[in-house]
Amino acid sequence: MTLSAAVVALLAGVVVWVLLATRLTARPWETPGSPEDVPAGLAPGVPPAKIGLAFLLGVITSLFGLFLSAYWMRMEHAHGDWQPLNVPRLLWLNTATLILSSALMQWALVAARRARAGRMRVAWIAAGVLAFAFLAGQLVAWHQLQELGYFVASSPASAFFYLLTGAHGLHLLGGLIVWGKTVVRMVQPDVEVIDLCLSVELCTVYWHYLLLVWLVLFAVLLST
Amino acid sequence: MAYVAIADRDHALHDPQTFVTKYIWSQDHKVIAIQYAITAIGIGLVALVMSVLMRLQLGFPHAFSLIAPHNYYQFITMHGMIMVIYLLTALFLGGFGNYLIPLMCGARDMVFPYMNMVSYWVYLVAVLVLVAAFFVPGGPTGAGWTLYPPQAVLPGTPGASWGIIFMLLSLAIFIVAFTMGGLNYVTTVLQARCRGMTLMRMPLSVWGIFMATVLGLLAFPALLVSAVMMTLDSLLGTSFFLPAVVSMGQPPTHNGGSPLLFQHLFWFFGHPEVYIVALPAFGIVSDLLSTHARRHIFGYRMMVWAILAIGCLSFVVWAHHMYVSGMNPYFGFFFATTTLIIAVPTAIKVYNWVLTLWRGDIHLTVPMLFAIAFIFTFVNGGLTGLFLGNVTVDVPLSATYFVVAHFHMVMGVSPILVVFGAIYHWYPKITGRMLNDTLGKLHFWVTFVGTYAIYLPMHYLGILGVPRRYYANAGTNFIPPSAQWVNAAITISALFVAAAQMVFLFNLIWSLKHGKEAGGNPWRATSLEWQTPDTPPKHGNWGAKLPVVYRWAYDYSVPGAKEDFIPQNQPPDALTPAGRAHGTAR
């Protein structure tokens, strides 16, 4: 709980700081003046979708921060029923797959910015396929655990394992829907690379972010 | 410039063509706002009926055979949940947020209109799932609106098998809807304001709604986490929250879970939720007071800073709801301190509202009556909050009617008074017609006096020690028989207040056709929504050109000005008579 409080306080602090930076100290009653010298938008020129994504990532950070603090608190409050879970080794391979997927995403973004349509398409589709491979790998890991007799309700540690990996997987699946819509646009002949740039960039940011979330979750699962 | 590119581009206007795209699958923020408001008020009426049924039981126990004990618990639960989340949160942010943000900021619409539309329809699904809970076997959950485990999912509690699942599912859907709407509101406020509308020129309504949305975006995930984990506990047999409990003589099915963990998660959402409801009310009431007192808001910057400070502090007070939960007693000391600290910015706001009225030209219009009533009620509820925020006072008062009286005053009646004031204030803009004044005053006085007749005696009952959540009181020597008379009187007041709301609903519908024509700016207000070229505003809000803002929203009774208000889009050099209802600069 303290952790999530810290996370949320940090986020709120960032929001407040950003706002403070845009002159929250102005005296509006003194300046009935020309609007030309006062910028209106918080970050003029930034597409709203980027600001929207930034807030969405804040929401997801809050969500996973709270999942993790629930994890730690449940561990603390356990009255002798916490048995550590041996995380399947397959997760290492899955992690490598996700890192590769994120790297390919980045490559697609670089290609899009240089207007290399062919290269962008290849990297983009490969990144998505690898993300699907990651999800399939996670399902195989679930299956392996069940073979060993660790079901959702077997122990708190295994319950949290399914919960955390499931929540992360669902978020990646949501990203893949956006990825799929972008693929549909990409293969149409009349769509220029420049029109795809924003989608590619937003998706890439989301991918890197989910990789980061996964690395944190994986580290926590390994260490406890 | 960037904001022109966002707000002025043509393809963003998605002009509606048919009746269906205009009124049903609409992407216009004004239509979505009305859809949100009608749905929220509709489900709120269900909660109102439940409160009447509860009061009938408490005032005249055993007189109504149709209210069985398990029904009573279901009414308590659904009343609380509906009022806090499905009515107040949805109405303030989905209703007023949607309507006011683009109009007050000078935007043509929300920045993500499609997502805005989806947000409403997902909210409607959440409401329908909630309503469906009434018809599942066992009925809706009766766990209390806090849904504390283990009792929420154990047999013996009404709706422990189906009702609770529907409740949690509905909450999860609501959170998805809220997140979609919320991303829209914050992004619109930050990126789609018109030229000249700096952050510090925004009306306080926008500030309140903005900060409440930020709180909601960060706090609702806590409710989602607890809802998901409790669903797993209930359906799949995990033990996140459920300890080893012998229930109905059966051997325990769960082991080692932590009910306290649920309480932490729930209140980590639950306390910011109080401010998600309060901050929009704070903002809106500031604008009502300023407009109807013809005076600038006192201490505008302090008001903005106080909203931000309350927003941040609201995340570090949650455990003051948990003094008797068995958590580490030293936590109580910390949370009592933060609770007293958050009273400081809140008190600043109260002082500033009162000082806004000082030497103002107070017009006792219906919105103003509600706004002033809000100050009284909020001070009343806030002061009892200081009592309950202190551990030593809270422990004996916990789970008594004192708590019920406190939170109804501070986050039930106060925000609802602002909702009413705001509806009377903006109804002319939304429909083009005034609400009937006589009916409005009748509605106000019965509601205001009636709620005090309901809640002031409850403080006394609480100090006597009458416990809340009880279906009927019997066999307790410390409660004098006269307490029953008080309960009966409260019930009669509640019936009057409920009847007054019917007058309000009648007024809403009747004035739609028969109300006085309002004109563009009946309150002679400065903020942008009153300067639209059409009333009600058409799709795209501003006609051919976006407005340009030259001043803050509180230029009332400026010395030397021709009129007692100067609209925000009035250029300083063109000293034409104020109040020309044109959205463009000349």
# chains A, B, ... in the order shown; residues from 1 in each chain; ligands from 1
>>> select_by_dssp(residues="chain A", states="alpha helix (DSSP H)", output="VMD selection string")
chain A and resid 2 to 21 48 to 77 90 to 113 117 to 147 156 to 186 193 to 223
>>> interface_residues(of="chain B", to="chain A", cutoff="8 Å", atoms="only C-alpha atoms", output="ChimeraX atom specification")
/B:1-3,6,111,183-184,186-188,190-201,217-219,221-222,224-225,236-240,255-258,261,264-265,301,308,312,315-316,548-552,554-555,571-572
>>> write_last_selection(atoms="C-alpha atoms", output="short mmCIF file (atom, residue, chain, number, x, y, z; two decimals), in the first residue's frame")
data_model
loop_
_atom_site.label_atom_id
_atom_site.label_comp_id
_atom_site.auth_asym_id
_atom_site.auth_seq_id
_atom_site.Cartn_x
_atom_site.Cartn_y
_atom_site.Cartn_z
CA MET B 1 -1.07 27.27 -34.21
CA ALA B 2 -1.56 23.93 -32.59
CA TYR B 3 -4.84 24.48 -30.82
CA ILE B 6 -7.00 20.65 -33.16
CA VAL B 111 -10.87 15.66 -28.45
CA LEU B 183 -9.05 10.48 -20.69
CA ASN B 184 -11.25 12.67 -22.86
CA VAL B 186 -8.31 15.76 -19.09
CA THR B 187 -6.98 15.82 -22.65
CA THR B 188 -9.64 18.28 -23.75
CA LEU B 190 -5.18 20.45 -21.52
CA GLN B 191 -5.10 20.58 -25.32
CA ALA B 192 -8.29 21.96 -26.82
CA ARG B 193 -8.77 25.33 -25.16
CA CYS B 194 -9.40 28.28 -27.48
CA ARG B 195 -6.98 31.13 -28.01
CA GLY B 196 -6.36 33.19 -24.90
CA MET B 197 -7.91 30.64 -22.53
CA THR B 198 -4.93 30.09 -20.26
CA LEU B 199 -5.20 27.61 -17.43
CA MET B 200 -5.57 30.44 -14.97
CA ARG B 201 -8.43 31.97 -16.95
CA LEU B 217 -8.25 7.97 -13.22
CA LEU B 218 -5.73 7.18 -10.47
CA ALA B 219 -8.16 5.90 -7.81
CA PRO B 221 -7.94 1.15 -10.52
CA ALA B 222 -7.90 0.34 -6.79
CA LEU B 224 -10.94 -2.57 -10.13
CA VAL B 225 -8.14 -4.50 -8.42
CA LEU B 236 -12.56 -19.73 -8.42
CA GLY B 237 -11.93 -20.27 -4.74
CA THR B 238 -8.75 -18.22 -4.33
CA SER B 239 -7.95 -16.74 -0.93
CA PHE B 240 -6.93 -13.15 -1.56
CA ASN B 255 -7.32 -20.12 4.00
CA GLY B 256 -5.13 -17.23 5.05
CA GLY B 257 -6.69 -14.38 3.06
CA SER B 258 -6.64 -10.85 4.38
CA LEU B 261 -6.13 -5.93 2.45
CA HIS B 264 -7.02 -0.83 2.29
CA LEU B 265 -7.68 -1.25 -1.43
CA ARG B 301 -5.57 31.55 -7.37
CA LEU B 308 -4.89 20.85 -6.45
CA CYS B 312 -3.06 15.37 -3.81
CA PHE B 315 -4.63 10.02 -1.58
CA VAL B 316 -3.05 9.94 1.87
CA VAL B 548 -10.99 34.32 -28.50
CA VAL B 549 -10.61 34.93 -24.79
CA TYR B 550 -9.24 38.16 -23.38
CA ARG B 551 -9.92 37.96 -19.66
CA TRP B 552 -10.76 35.68 -16.75
CA TYR B 554 -15.01 36.71 -13.12
CA ASP B 555 -15.21 40.26 -14.46
CA PRO B 571 -11.78 42.52 -26.36
CA PRO B 572 -10.33 45.13 -24.00
#
>>> atom_distance(atom1="atom CA of Arg116 of chain A", atom2="atom CA of Leu212 of chain A")
27.6 Å
